[in-house]
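Inspection log for the structure reproduced underneath, given as structure tokens.
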Amino acid sequence: MPVEPNDAEARMPYQLPFPKEALSEIVIPDAVPKDDRLWVPQAKNVWFRPLCLNRSEGYWMNLLKVRKSGVLSRHRHPQAVHGWVLKGRWHYLEHDWMAEEGGYVYEPPGETHTLVVPEGVEEMITYFQVNGVMLYVDPYGKTMGFEDVFTKIDMCRKHYEAVGLGGDFVDQYIR
Ligand code: FE
């Protein structure tokens, strides 16, 4: 059994400095932003909102927003994806389940899928952690293009420059 610390010690903050090489934390009060300019356009009726663009580990955390029902590009994931549906619902052409508001999805490495927002959903927002790379593929797996944390950073920089926030605005999300 661990020794029970007295109350004063239990409430004492950690007393030592953090490792000097450690990166700074990211705290975003308006993860679903009030300012629509923070949504970076990705395709017609599709946007993403960066939260953590982790170039040092090669993944990105973002909100994906889709307005209007429709199909998103077919792609392969060589690494795992985690998703949490904040609003609306969606499914993949390749699976028979529906990701519902409030639900969590794990997508294992090796997945190739095509996201569909069904009729009747006005807006879908999902929090995704995407690791490594997304390979856009044809129906037989031929690679047509890709996205990774660096293409995401580039898209953010260009968009934030264009909407008047300045290209450097993206820097707060990069680690
Ligand atoms: Fe995916």
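Labels for the structure tokens follow display order: chains A, B, ..., residues from 1 in each chain, ligands from 1.
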Contacts to ligand 1 at 12 Å cut-off (only C-alpha atoms and all ligand atoms) as JSON, numbers by chain | {"A": [64, 72, 73, 74, 75, 76, 77, 78, 79, 80, 81, 82, 83, 90, 91, 92, 93, 94, 105, 106, 107, 108, 109, 110, 111, 112, 113, 114, 115, 116, 126, 127, 128, 129, 130, 131, 132, 133, 134, 135, 136, 137, 146, 147]}
Let's see if you can do this: from backbone DSSP, list all alpha helix (DSSP H) residues in chain A, as a PDB file with N, CA and C atoms, in the first residue's frame.
ATOM      1  N   ASP A   7      -2.541  15.964   3.865  1.00  0.00           N
ATOM      2  CA  ASP A   7      -3.279  16.797   2.920  1.00  0.00           C
ATOM      3  C   ASP A   7      -2.409  17.906   2.325  1.00  0.00           C
ATOM      4  N   ALA A   8      -1.560  18.497   3.165  1.00  0.00           N
ATOM      5  CA  ALA A   8      -0.717  19.593   2.679  1.00  0.00           C
ATOM      6  C   ALA A   8       0.206  19.106   1.564  1.00  0.00           C
ATOM      7  N   GLU A   9       0.744  17.907   1.757  1.00  0.00           N
ATOM      8  CA  GLU A   9       1.659  17.401   0.729  1.00  0.00           C
ATOM      9  C   GLU A   9       0.901  16.968  -0.526  1.00  0.00           C
ATOM     10  N   ALA A  10      -0.307  16.428  -0.327  1.00  0.00           N
ATOM     11  CA  ALA A  10      -1.107  16.006  -1.470  1.00  0.00           C
ATOM     12  C   ALA A  10      -1.413  17.182  -2.393  1.00  0.00           C
ATOM     13  N   VAL A 149       1.367  15.341 -41.585  1.00  0.00           N
ATOM     14  CA  VAL A 149       1.320  16.519 -40.712  1.00  0.00           C
ATOM     15  C   VAL A 149       1.911  17.744 -41.415  1.00  0.00           C
ATOM     16  N   PHE A 150       2.836  17.505 -42.347  1.00  0.00           N
ATOM     17  CA  PHE A 150       3.468  18.641 -43.026  1.00  0.00           C
ATOM     18  C   PHE A 150       2.563  19.266 -44.088  1.00  0.00           C
ATOM     19  N   THR A 151       1.799  18.440 -44.801  1.00  0.00           N
ATOM     20  CA  THR A 151       0.849  19.031 -45.759  1.00  0.00           C
ATOM     21  C   THR A 151      -0.258  19.760 -44.992  1.00  0.00           C
ATOM     22  N   LYS A 152      -0.619  19.220 -43.817  1.00  0.00           N
ATOM     23  CA  LYS A 152      -1.632  19.894 -42.988  1.00  0.00           C
ATOM     24  C   LYS A 152      -1.129  21.259 -42.533  1.00  0.00           C
ATOM     25  N   ILE A 153       0.115  21.294 -42.078  1.00  0.00           N
ATOM     26  CA  ILE A 153       0.693  22.573 -41.640  1.00  0.00           C
ATOM     27  C   ILE A 153       0.700  23.571 -42.799  1.00  0.00           C
ATOM     28  N   ASP A 154       1.105  23.124 -43.969  1.00  0.00           N
ATOM     29  CA  ASP A 154       1.135  24.008 -45.150  1.00  0.00           C
ATOM     30  C   ASP A 154      -0.247  24.566 -45.473  1.00  0.00           C
ATOM     31  N   MET A 155      -1.263  23.678 -45.424  1.00  0.00           N
ATOM     32  CA  MET A 155      -2.631  24.122 -45.719  1.00  0.00           C
ATOM     33  C   MET A 155      -3.088  25.180 -44.725  1.00  0.00           C
ATOM     34  N   CYS A 156      -2.770  24.946 -43.442  1.00  0.00           N
ATOM     35  CA  CYS A 156      -3.152  25.908 -42.397  1.00  0.00           C
ATOM     36  C   CYS A 156      -2.468  27.250 -42.636  1.00  0.00           C
ATOM     37  N   ARG A 157      -1.175  27.188 -42.912  1.00  0.00           N
ATOM     38  CA  ARG A 157      -0.404  28.419 -43.079  1.00  0.00           C
ATOM     39  C   ARG A 157      -0.978  29.262 -44.225  1.00  0.00           C
ATOM     40  N   LYS A 158      -1.232  28.613 -45.345  1.00  0.00           N
ATOM     41  CA  LYS A 158      -1.778  29.330 -46.511  1.00  0.00           C
ATOM     42  C   LYS A 158      -3.150  29.922 -46.206  1.00  0.00           C
ATOM     43  N   HIS A 159      -3.996  29.115 -45.554  1.00  0.00           N
ATOM     44  CA  HIS A 159      -5.347  29.584 -45.263  1.00  0.00           C
ATOM     45  C   HIS A 159      -5.328  30.742 -44.262  1.00  0.00           C
ATOM     46  N   TYR A 160      -4.550  30.610 -43.183  1.00  0.00           N
ATOM     47  CA  TYR A 160      -4.545  31.665 -42.162  1.00  0.00           C
ATOM     48  C   TYR A 160      -3.950  32.960 -42.710  1.00  0.00           C
ATOM     49  N   GLU A 161      -3.007  32.837 -43.631  1.00  0.00           N
ATOM     50  CA  GLU A 161      -2.484  34.011 -44.328  1.00  0.00           C
ATOM     51  C   GLU A 161      -3.612  34.666 -45.145  1.00  0.00           C
ATOM     52  N   ALA A 162      -4.338  33.840 -45.886  1.00  0.00           N
ATOM     53  CA  ALA A 162      -5.378  34.342 -46.798  1.00  0.00           C
ATOM     54  C   ALA A 162      -6.536  35.015 -46.061  1.00  0.00           C
TER      55      ALA A 162
END
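If you measure from each of A:Leu86, A:Val32, A:Ile26, A:Val117 to Gly102 (chain A) using only C-alpha atoms, the closest one turns out to be A:Leu86.
In terms of minimum interatomic distance to Pro33 (chain A), A:Asn62 ranks closest within A:Gln15, A:Thr143, A:Asn45, A:Asn62, counting only C-alpha atoms.
Distance annotation: of A:Met124, A:Glu119, A:Met144, A:Ser24, the residue with the minimal separation from Ala99 (chain A) is A:Met124; atom set is only C-alpha atoms.
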Region 20-76 of chain A: which residues are strand (DSSP E) by DSSP, as a ChimeraX atom specification?
-> /A:40-43,46-54,59-67,70-71,75-76
Atom pair CA of Arg175 (chain A) / CA of Trp60 (chain A): separation (Å) | 9.9 Å
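Coordinates place CA of Glu100 (chain A) at a distance of 11.1 Å from CA of Val121 (chain A).
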Ile125 (chain A): which residues within 7 Å, counting only C-alpha atoms, same-chain residues fewer than 4 positions away excluded, as a VMD selection string?
-> chain A and resid 63 to 66 85 to 88
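By only C-alpha atoms, and with residues fewer than 4 positions from Leu23 (chain A) along its chain excluded, the set lying at most 12 Å from it is Phe18, Pro19, Asn54, Ser56, Gln172, Tyr173, Ile174 and Arg175 of chain A.
If only C-alpha atoms are the atoms counted, then among A:Asp138, A:Pro118, A:Ile28, A:Ser69 the closest residue to Arg49 (chain A) is A:Ile28.
The space between CA of Glu101 (chain A) and CA of Asp35 (chain A) spans 22.7 Å.
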